[in-house]
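Student: My file is entry.pdb. It has PDB, C-alpha atoms:
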```pdb
MODEL        1
ATOM      1  CA  MET C   1      22.671  -0.316  22.241  1.00  0.00           C
ATOM      2  CA  LEU C   2      20.101  -2.966  23.105  1.00  0.00           C
ATOM      3  CA  TRP C   3      22.062  -5.832  21.576  1.00  0.00           C
ATOM      4  CA  ARG C   4      25.256  -5.016  23.523  1.00  0.00           C
ATOM      5  CA  SER C   5      25.898  -4.697  27.249  1.00  0.00           C
ATOM      6  CA  ALA C   6      29.261  -4.019  28.945  1.00  0.00           C
ATOM      7  CA  GLY C   7      31.029  -4.970  25.735  1.00  0.00           C
ATOM      8  CA  ARG C   8      29.201  -8.318  25.457  1.00  0.00           C
ATOM      9  CA  VAL C   9      27.059  -9.190  22.450  1.00  0.00           C
ATOM     10  CA  LEU C  10      23.591 -10.137  23.678  1.00  0.00           C
ATOM     11  CA  LEU C  11      22.078 -10.838  20.265  1.00  0.00           C
ATOM     12  CA  ARG C  12      23.653 -12.357  17.181  1.00  0.00           C
ATOM     13  CA  GLY C  13      20.729 -11.779  14.871  1.00  0.00           C
ATOM     14  CA  LEU C  14      17.043 -10.976  14.661  1.00  0.00           C
ATOM     15  CA  ALA C  15      14.368 -13.095  12.962  1.00  0.00           C
ATOM     16  CA  LEU C  16      11.058 -11.424  12.115  1.00  0.00           C
ATOM     17  CA  LEU C  17       8.147 -13.486  10.815  1.00  0.00           C
ATOM     18  CA  ALA C  18       5.417 -11.676   8.849  1.00  0.00           C
ATOM     19  CA  THR C  19       6.124  -8.469  10.768  1.00  0.00           C
ATOM     20  CA  PRO C  20       4.089  -5.381   9.804  1.00  0.00           C
ATOM     21  CA  TRP C  21       5.644  -1.924   9.695  1.00  0.00           C
ATOM     22  CA  ASP C  22       3.873   0.349   7.217  1.00  0.00           C
ATOM     23  CA  PHE C  23       0.242  -0.185   8.155  1.00  0.00           C
ATOM     24  CA  TRP C  24      -0.983   2.020   5.328  1.00  0.00           C
ATOM     25  CA  ALA C  25       1.137   0.450   2.584  1.00  0.00           C
ATOM     26  CA  ALA C  26      -1.570  -1.827   1.191  1.00  0.00           C
ATOM     27  CA  ASP C  27      -4.846  -0.115   2.149  1.00  0.00           C
ATOM     28  CA  ALA C  28      -4.738   3.006   4.312  1.00  0.00           C
ATOM     29  CA  GLU C  29      -8.518   3.365   4.333  1.00  0.00           C
ATOM     30  CA  ARG C  30      -9.022  -0.140   5.696  1.00  0.00           C
ATOM     31  CA  ALA C  31      -6.358   0.450   8.355  1.00  0.00           C
ATOM     32  CA  ARG C  32      -8.027   3.647   9.516  1.00  0.00           C
ATOM     33  CA  GLY C  33     -11.381   1.852   9.475  1.00  0.00           C
ATOM     34  CA  LEU C  34     -10.006  -0.729  11.897  1.00  0.00           C
ATOM     35  CA  ALA C  35      -8.713   2.076  14.124  1.00  0.00           C
ATOM     36  CA  ALA C  36     -12.199   3.586  14.118  1.00  0.00           C
ATOM     37  CA  THR C  37     -13.495   0.562  16.085  1.00  0.00           C
ATOM     38  CA  LEU C  38     -11.520   1.653  19.156  1.00  0.00           C
ATOM     39  CA  PRO C  39     -14.128   4.022  20.682  1.00  0.00           C
ATOM     40  CA  GLY C  40     -16.719   1.236  20.543  1.00  0.00           C
ATOM     41  CA  LEU C  41     -14.318  -1.145  22.253  1.00  0.00           C
ATOM     42  CA  GLU C  42     -13.347   1.253  25.046  1.00  0.00           C
ATOM     43  CA  PRO C  43     -16.093   0.169  27.495  1.00  0.00           C
ATOM     44  CA  LEU C  44     -14.877  -3.415  27.168  1.00  0.00           C
ATOM     45  CA  LEU C  45     -11.224  -2.411  27.537  1.00  0.00           C
ATOM     46  CA  ARG C  46     -11.974  -0.395  30.670  1.00  0.00           C
ATOM     47  CA  ALA C  47     -14.161  -3.099  32.218  1.00  0.00           C
ATOM     48  CA  THR C  48     -11.824  -6.044  31.658  1.00  0.00           C
ATOM     49  CA  GLY C  49      -8.422  -4.408  31.207  1.00  0.00           C
ATOM     50  CA  THR C  50      -8.018  -6.458  28.048  1.00  0.00           C
ATOM     51  CA  LEU C  51      -9.268  -7.019  24.529  1.00  0.00           C
ATOM     52  CA  PRO C  52     -10.793 -10.513  24.934  1.00  0.00           C
ATOM     53  CA  VAL C  53      -9.925 -13.380  22.609  1.00  0.00           C
ATOM     54  CA  ASP C  54     -13.423 -13.532  21.104  1.00  0.00           C
ATOM     55  CA  THR C  55     -13.246  -9.852  20.184  1.00  0.00           C
ATOM     56  CA  LEU C  56      -9.800 -10.316  18.665  1.00  0.00           C
ATOM     57  CA  GLN C  57     -11.133 -13.182  16.565  1.00  0.00           C
ATOM     58  CA  ALA C  58     -14.043 -11.027  15.409  1.00  0.00           C
ATOM     59  CA  LEU C  59     -11.640  -8.297  14.288  1.00  0.00           C
ATOM     60  CA  PHE C  60      -9.544 -10.820  12.368  1.00  0.00           C
ATOM     61  CA  ALA C  61     -12.683 -12.259  10.764  1.00  0.00           C
ATOM     62  CA  ALA C  62     -13.877  -8.803   9.721  1.00  0.00           C
ATOM     63  CA  HIS C  63     -10.478  -8.125   8.165  1.00  0.00           C
ATOM     64  CA  ASP C  64     -10.983 -11.024   5.742  1.00  0.00           C
ATOM     65  CA  ALA C  65     -14.628 -12.043   5.902  1.00  0.00           C
ATOM     66  CA  ALA C  66     -14.607 -13.768   2.504  1.00  0.00           C
ATOM     67  CA  GLY C  67     -11.602 -15.858   3.468  1.00  0.00           C
ATOM     68  CA  ILE C  68     -13.451 -17.388   6.435  1.00  0.00           C
ATOM     69  CA  GLY C  69     -16.147 -18.815   4.168  1.00  0.00           C
ATOM     70  CA  GLU C  70     -13.605 -20.085   1.652  1.00  0.00           C
ATOM     71  CA  LYS C  71     -11.666 -21.850   4.374  1.00  0.00           C
ATOM     72  CA  TYR C  72     -14.636 -23.770   5.729  1.00  0.00           C
ATOM     73  CA  ARG C  73     -16.024 -24.618   2.291  1.00  0.00           C
ATOM     74  CA  ALA C  74     -12.669 -26.207   1.472  1.00  0.00           C
ATOM     75  CA  PHE C  75     -12.774 -28.093   4.778  1.00  0.00           C
ATOM     76  CA  ALA C  76     -16.251 -29.445   3.958  1.00  0.00           C
ATOM     77  CA  LYS C  77     -14.821 -31.170   0.885  1.00  0.00           C
ATOM     78  CA  LEU C  78     -12.202 -33.102   2.878  1.00  0.00           C
ATOM     79  CA  ASP C  79     -12.534 -36.688   4.051  1.00  0.00           C
ATOM     80  CA  PRO C  80     -13.254 -36.268   7.793  1.00  0.00           C
ATOM     81  CA  ASP C  81     -10.831 -39.090   8.585  1.00  0.00           C
ATOM     82  CA  SER C  82      -7.990 -37.723   6.483  1.00  0.00           C
ATOM     83  CA  SER C  83      -4.771 -36.272   7.887  1.00  0.00           C
ATOM     84  CA  ARG C  84      -5.584 -32.959   6.189  1.00  0.00           C
ATOM     85  CA  ALA C  85      -8.929 -32.743   8.000  1.00  0.00           C
ATOM     86  CA  ARG C  86      -7.333 -33.576  11.351  1.00  0.00           C
ATOM     87  CA  ARG C  87      -4.600 -30.994  10.759  1.00  0.00           C
ATOM     88  CA  PHE C  88      -7.240 -28.365   9.889  1.00  0.00           C
ATOM     89  CA  VAL C  89      -9.124 -28.997  13.144  1.00  0.00           C
ATOM     90  CA  ALA C  90      -5.930 -28.935  15.206  1.00  0.00           C
ATOM     91  CA  LEU C  91      -4.859 -25.659  13.603  1.00  0.00           C
ATOM     92  CA  GLU C  92      -8.260 -24.051  14.172  1.00  0.00           C
ATOM     93  CA  ASP C  93      -8.213 -25.135  17.812  1.00  0.00           C
ATOM     94  CA  TRP C  94      -4.791 -23.521  18.173  1.00  0.00           C
ATOM     95  CA  LEU C  95      -5.851 -20.304  16.432  1.00  0.00           C
ATOM     96  CA  ASN C  96      -8.914 -19.911  18.632  1.00  0.00           C
ATOM     97  CA  GLY C  97      -7.144 -20.696  21.884  1.00  0.00           C
ATOM     98  CA  GLY C  98      -5.289 -17.404  22.225  1.00  0.00           C
ATOM     99  CA  VAL C  99      -4.867 -15.054  25.170  1.00  0.00           C
ATOM    100  CA  PRO C 100      -6.493 -11.652  25.721  1.00  0.00           C
ATOM    101  CA  LEU C 101      -4.575  -8.586  24.587  1.00  0.00           C
ATOM    102  CA  ALA C 102      -3.715  -6.103  27.343  1.00  0.00           C
ATOM    103  CA  ALA C 103      -5.796  -2.944  26.971  1.00  0.00           C
ATOM    104  CA  PRO C 104      -2.816  -0.524  26.600  1.00  0.00           C
ATOM    105  CA  VAL C 105      -1.377  -2.706  23.834  1.00  0.00           C
ATOM    106  CA  ALA C 106      -4.741  -2.900  22.096  1.00  0.00           C
ATOM    107  CA  ARG C 107      -5.069   0.894  22.166  1.00  0.00           C
ATOM    108  CA  GLU C 108      -1.544   1.333  20.812  1.00  0.00           C
ATOM    109  CA  ALA C 109      -2.110  -1.181  18.031  1.00  0.00           C
ATOM    110  CA  LEU C 110      -5.470   0.181  16.898  1.00  0.00           C
ATOM    111  CA  SER C 111      -4.921   3.902  17.379  1.00  0.00           C
ATOM    112  CA  GLY C 112      -1.169   4.219  16.904  1.00  0.00           C
ATOM    113  CA  TRP C 113      -0.283   1.525  14.385  1.00  0.00           C
ATOM    114  CA  TYR C 114      -3.416   1.275  12.268  1.00  0.00           C
ATOM    115  CA  GLY C 115      -4.850   4.733  12.865  1.00  0.00           C
ATOM    116  CA  ALA C 116      -1.731   6.906  12.726  1.00  0.00           C
ATOM    117  CA  ASN C 117       0.770   4.523  11.072  1.00  0.00           C
ATOM    118  CA  SER C 118       3.182   5.496  13.838  1.00  0.00           C
ATOM    119  CA  PRO C 119       5.906   2.872  13.135  1.00  0.00           C
ATOM    120  CA  ALA C 120       6.434   3.859   9.494  1.00  0.00           C
ATOM    121  CA  ARG C 121       6.240   7.563  10.347  1.00  0.00           C
ATOM    122  CA  GLY C 122       8.929   7.264  13.021  1.00  0.00           C
ATOM    123  CA  ASP C 123       6.519   8.164  15.821  1.00  0.00           C
ATOM    124  CA  TRP C 124       6.314   4.823  17.642  1.00  0.00           C
ATOM    125  CA  ARG C 125       8.070   4.979  20.998  1.00  0.00           C
ATOM    126  CA  ILE C 126       8.762   2.416  23.702  1.00  0.00           C
ATOM    127  CA  ALA C 127       9.809   3.790  27.103  1.00  0.00           C
ATOM    128  CA  GLY C 128      10.262   7.162  25.428  1.00  0.00           C
ATOM    129  CA  GLU C 129      12.672   5.875  22.769  1.00  0.00           C
ATOM    130  CA  VAL C 130      11.771   5.885  19.086  1.00  0.00           C
ATOM    131  CA  VAL C 131      11.707   2.400  17.563  1.00  0.00           C
ATOM    132  CA  ALA C 132      14.208   2.870  14.733  1.00  0.00           C
ATOM    133  CA  PRO C 133      15.027  -0.320  12.797  1.00  0.00           C
ATOM    134  CA  GLN C 134      17.464   1.614  10.602  1.00  0.00           C
ATOM    135  CA  ALA C 135      19.757   1.894  13.624  1.00  0.00           C
ATOM    136  CA  LEU C 136      19.951  -1.873  14.107  1.00  0.00           C
ATOM    137  CA  ARG C 137      23.342  -3.160  13.025  1.00  0.00           C
ATOM    138  CA  LEU C 138      22.561  -6.864  13.211  1.00  0.00           C
ATOM    139  CA  PRO C 139      21.891  -9.564  10.637  1.00  0.00           C
ATOM    140  CA  ALA C 140      18.117  -9.836  10.259  1.00  0.00           C
ATOM    141  CA  PHE C 141      15.966 -12.538   8.683  1.00  0.00           C
ATOM    142  CA  LEU C 142      12.580 -11.258   7.507  1.00  0.00           C
ATOM    143  CA  ALA C 143      10.164 -13.967   6.406  1.00  0.00           C
ATOM    144  CA  ILE C 144       7.417 -12.474   4.260  1.00  0.00           C
ATOM    145  CA  PRO C 145       4.592 -14.761   3.089  1.00  0.00           C
ATOM    146  CA  ALA C 146       3.348 -13.913  -0.384  1.00  0.00           C
ATOM    147  CA  ARG C 147      -0.314 -14.737   0.336  1.00  0.00           C
ATOM    148  CA  ASP C 148      -0.557 -12.999   3.698  1.00  0.00           C
ATOM    149  CA  ARG C 149      -3.935 -11.277   4.211  1.00  0.00           C
ATOM    150  CA  ILE C 150      -3.267 -10.250   7.815  1.00  0.00           C
ATOM    151  CA  VAL C 151       0.098  -8.575   7.186  1.00  0.00           C
ATOM    152  CA  PRO C 152       0.195  -7.520   3.528  1.00  0.00           C
ATOM    153  CA  PRO C 153       3.634  -8.156   2.002  1.00  0.00           C
ATOM    154  CA  ALA C 154       4.012  -4.447   1.244  1.00  0.00           C
ATOM    155  CA  SER C 155       3.758  -3.662   4.963  1.00  0.00           C
ATOM    156  CA  ALA C 156       6.518  -6.110   5.905  1.00  0.00           C
ATOM    157  CA  LEU C 157       8.722  -5.167   2.946  1.00  0.00           C
ATOM    158  CA  ALA C 158       8.679  -1.567   4.186  1.00  0.00           C
ATOM    159  CA  LEU C 159      10.409  -2.775   7.350  1.00  0.00           C
ATOM    160  CA  ALA C 160      13.012  -4.728   5.392  1.00  0.00           C
ATOM    161  CA  ALA C 161      13.805  -1.609   3.381  1.00  0.00           C
ATOM    162  CA  THR C 162      14.801   0.248   6.562  1.00  0.00           C
ATOM    163  CA  MET C 163      17.145  -2.420   7.952  1.00  0.00           C
ATOM    164  CA  PRO C 164      20.774  -2.421   6.763  1.00  0.00           C
ATOM    165  CA  GLY C 165      21.311  -6.114   7.561  1.00  0.00           C
ATOM    166  CA  ALA C 166      18.011  -7.449   6.248  1.00  0.00           C
ATOM    167  CA  HIS C 167      17.799 -10.789   4.471  1.00  0.00           C
ATOM    168  CA  VAL C 168      14.317 -11.115   2.950  1.00  0.00           C
ATOM    169  CA  HIS C 169      12.894 -14.611   2.647  1.00  0.00           C
ATOM    170  CA  HIS C 170       9.777 -14.848   0.465  1.00  0.00           C
ATOM    171  CA  ALA C 171       7.526 -17.754   1.392  1.00  0.00           C
ATOM    172  CA  ALA C 172       4.820 -19.088  -0.922  1.00  0.00           C
ATOM    173  CA  ALA C 173       2.272 -19.256   1.885  1.00  0.00           C
ATOM    174  CA  GLY C 174      -0.186 -17.282   3.980  1.00  0.00           C
ATOM    175  CA  HIS C 175       0.251 -15.714   7.405  1.00  0.00           C
ATOM    176  CA  VAL C 176      -0.515 -18.854   9.417  1.00  0.00           C
ATOM    177  CA  GLY C 177       0.374 -21.418   6.769  1.00  0.00           C
ATOM    178  CA  MET C 178       3.962 -20.195   6.638  1.00  0.00           C
ATOM    179  CA  VAL C 179       4.425 -21.079  10.318  1.00  0.00           C
ATOM    180  CA  ALA C 180       2.084 -24.021  10.896  1.00  0.00           C
ATOM    181  CA  GLY C 181       0.877 -25.271   7.516  1.00  0.00           C
ATOM    182  CA  GLY C 182       1.730 -28.538   5.824  1.00  0.00           C
ATOM    183  CA  GLY C 183       4.580 -26.904   3.917  1.00  0.00           C
ATOM    184  CA  ALA C 184       5.931 -24.853   6.827  1.00  0.00           C
ATOM    185  CA  GLU C 185       9.131 -26.881   7.162  1.00  0.00           C
ATOM    186  CA  VAL C 186      10.133 -26.136   3.579  1.00  0.00           C
ATOM    187  CA  GLN C 187       8.653 -22.645   3.359  1.00  0.00           C
ATOM    188  CA  LEU C 188      10.066 -21.301   6.628  1.00  0.00           C
ATOM    189  CA  TRP C 189      11.789 -23.500   9.168  1.00  0.00           C
ATOM    190  CA  ARG C 190      14.563 -24.990   7.036  1.00  0.00           C
ATOM    191  CA  PRO C 191      15.595 -21.632   5.509  1.00  0.00           C
ATOM    192  CA  LEU C 192      15.472 -20.011   8.945  1.00  0.00           C
ATOM    193  CA  LEU C 193      17.643 -22.739  10.477  1.00  0.00           C
ATOM    194  CA  THR C 194      20.168 -22.374   7.640  1.00  0.00           C
ATOM    195  CA  TRP C 195      20.337 -18.625   8.289  1.00  0.00           C
ATOM    196  CA  ILE C 196      20.746 -19.113  12.044  1.00  0.00           C
ATOM    197  CA  LYS C 197      23.570 -21.608  11.585  1.00  0.00           C
ATOM    198  CA  ALA C 198      25.436 -19.103   9.410  1.00  0.00           C
ATOM    199  CA  LEU C 199      25.371 -16.343  12.046  1.00  0.00           C
ATOM    200  CA  PRO C 200      28.785 -15.323  13.402  1.00  0.00           C
ATOM    201  CA  GLY C 201      29.546 -17.152  16.633  1.00  0.00           C
ATOM    202  CA  LEU C 202      26.973 -19.904  16.071  1.00  0.00           C
ATOM    203  CA  MET C 203      28.945 -22.240  13.871  1.00  0.00           C
ATOM    204  CA  GLY C 204      28.613 -25.098  16.358  1.00  0.00           C
ATOM    205  CA  LEU C 205      24.809 -25.001  16.533  1.00  0.00           C
TER     206      LEU C 205
ENDMDL
END
```
Could you take the file, read its structure, and then write that structure out as structure tokens?

Tutor:
Amino acid sequence: MLWRSAGRVLLRGLALLATPWDFWAADAERARGLAATLPGLEPLLRATGTLPVDTLQALFAAHDAAGIGEKYRAFAKLDPDSSRARRFVALEDWLNGGVPLAAPVAREALSGWYGANSPARGDWRIAGEVVAPQALRLPAFLAIPARDRIVPPASALALAATMPGAHVHHAAAGHVGMVAGGGAEVQLWRPLLTWIKALPGLMGL
């Protein structure tokens, strides 16, 4: 198996942060609607070989258009010299400084994941092999943010339900806030570190 080679253990555990699996769990119609944008994006994918960052940002914005306005209205109420305002600007700079998505990956994500729900249906393959989390016999830490609008909790919980060694960690945060927000240390990083330290063979970490 992938986590063993010539009798050696290559992986001690697997940590998954806000990881989608059942793309239709929360809103199948919206997922298929996102997949329907693929034909319109094809000329761009063929011309550049990628889905550019600006287009990715537009897709994210369309996914939660109301949330964009709420975010910036809240920012407008902050003291511009406050640490919260500076953290907001730094986070936005980070979010908007991504890298283009390779065209084959973009097609797989839009058509396969969102359009056909291939992971949850057992149809997603990598190098010809079905991606089957139920076959993974490793401890797994699945962090699922309760206020996630990008990966609905129901989508990530569907993955946890398939994994025999899953430890589900519920974080009172959103998709980005769980990882990089002001409460990220408490909501994610400390619990994750505790879990890692308890893995077999890592007692001296």

Student: At a cut-off of 10 Å around the point (-2.5, -8.6, 2.6) (file coordinates), what residues fall inside when counting all atoms listed in the file? I'd like the answer as a compact mmCIF listing (two decimals) with C-alpha atoms, in the frame of the given file.

Tutor:
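Result file is selection30.txt:
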```
# COMPACT_ATOMS: atom_id res chain seq x y z
CA ALA C 25 1.14 0.45 2.58
CA ALA C 26 -1.57 -1.83 1.19
CA ASP C 27 -4.85 -0.12 2.15
CA HIS C 63 -10.48 -8.12 8.16
CA ASP C 64 -10.98 -11.02 5.74
CA PRO C 145 4.59 -14.76 3.09
CA ALA C 146 3.35 -13.91 -0.38
CA ARG C 147 -0.31 -14.74 0.34
CA ASP C 148 -0.56 -13.00 3.70
CA ARG C 149 -3.94 -11.28 4.21
CA ILE C 150 -3.27 -10.25 7.82
CA VAL C 151 0.10 -8.57 7.19
CA PRO C 152 0.20 -7.52 3.53
CA PRO C 153 3.63 -8.16 2.00
CA ALA C 154 4.01 -4.45 1.24
CA SER C 155 3.76 -3.66 4.96
CA ALA C 156 6.52 -6.11 5.90
CA GLY C 174 -0.19 -17.28 3.98
CA HIS C 175 0.25 -15.71 7.40
```

Student: Between C:Trp113, C:Gln187, C:Trp94, C:Ile68, which has the minimum distance to Arg125 in chain C (counting only C-alpha atoms)?

Tutor: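 Under the stated criterion, the closest residue is C:Trp113.
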
Student: Under the rule that all atoms listed in the file are counted, which of C:Thr55, C:Asn117, C:Thr162, C:Ser83 is the nearest residue to Leu38 in chain C?

Tutor: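 Nearest to Leu38 in chain C: C:Thr55.
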
Student: Please list as an mmCIF file with C-alpha atoms, in the frame of the given file every residue within 8 Å of Leu138 in chain C, counting only C-alpha atoms and excluding residues in the same chain fewer than 4 positions away.

Tutor:
```cif
data_model
loop_
_atom_site.group_PDB
_atom_site.id
_atom_site.type_symbol
_atom_site.label_atom_id
_atom_site.label_comp_id
_atom_site.auth_asym_id
_atom_site.auth_seq_id
_atom_site.Cartn_x
_atom_site.Cartn_y
_atom_site.Cartn_z
ATOM 1 C CA ARG C 12 23.653 -12.357 17.181
ATOM 2 C CA GLY C 13 20.729 -11.779 14.871
ATOM 3 C CA LEU C 14 17.043 -10.976 14.661
ATOM 4 C CA GLY C 165 21.311 -6.114 7.561
#
```

Student: Translate the PyMOL selection byres ((chain C and resi 171-173) around 12), as applied to the file shown, into an explicit residue set as a JSON list (two decimals) with C-alpha atoms, in the frame of the given file.

Tutor:
```json
[["chain", "number", "residue", "atom", "x", "y", "z"],
["C", 17, "LEU", "CA", 8.15, -13.49, 10.82],
["C", 18, "ALA", "CA", 5.42, -11.68, 8.85],
["C", 142, "LEU", "CA", 12.58, -11.26, 7.51],
["C", 143, "ALA", "CA", 10.16, -13.97, 6.41],
["C", 144, "ILE", "CA", 7.42, -12.47, 4.26],
["C", 145, "PRO", "CA", 4.59, -14.76, 3.09],
["C", 146, "ALA", "CA", 3.35, -13.91, -0.38],
["C", 147, "ARG", "CA", -0.31, -14.74, 0.34],
["C", 148, "ASP", "CA", -0.56, -13.00, 3.70],
["C", 149, "ARG", "CA", -3.94, -11.28, 4.21],
["C", 153, "PRO", "CA", 3.63, -8.16, 2.00],
["C", 168, "VAL", "CA", 14.32, -11.12, 2.95],
["C", 169, "HIS", "CA", 12.89, -14.61, 2.65],
["C", 170, "HIS", "CA", 9.78, -14.85, 0.46],
["C", 174, "GLY", "CA", -0.19, -17.28, 3.98],
["C", 175, "HIS", "CA", 0.25, -15.71, 7.40],
["C", 176, "VAL", "CA", -0.52, -18.85, 9.42],
["C", 177, "GLY", "CA", 0.37, -21.42, 6.77],
["C", 178, "MET", "CA", 3.96, -20.20, 6.64],
["C", 179, "VAL", "CA", 4.42, -21.08, 10.32],
["C", 180, "ALA", "CA", 2.08, -24.02, 10.90],
["C", 181, "GLY", "CA", 0.88, -25.27, 7.52],
["C", 182, "GLY", "CA", 1.73, -28.54, 5.82],
["C", 183, "GLY", "CA", 4.58, -26.90, 3.92],
["C", 184, "ALA", "CA", 5.93, -24.85, 6.83],
["C", 185, "GLU", "CA", 9.13, -26.88, 7.16],
["C", 186, "VAL", "CA", 10.13, -26.14, 3.58],
["C", 187, "GLN", "CA", 8.65, -22.64, 3.36],
["C", 188, "LEU", "CA", 10.07, -21.30, 6.63],
["C", 189, "TRP", "CA", 11.79, -23.50, 9.17],
["C", 190, "ARG", "CA", 14.56, -24.99, 7.04],
["C", 191, "PRO", "CA", 15.60, -21.63, 5.51],
["C", 192, "LEU", "CA", 15.47, -20.01, 8.94]]
```
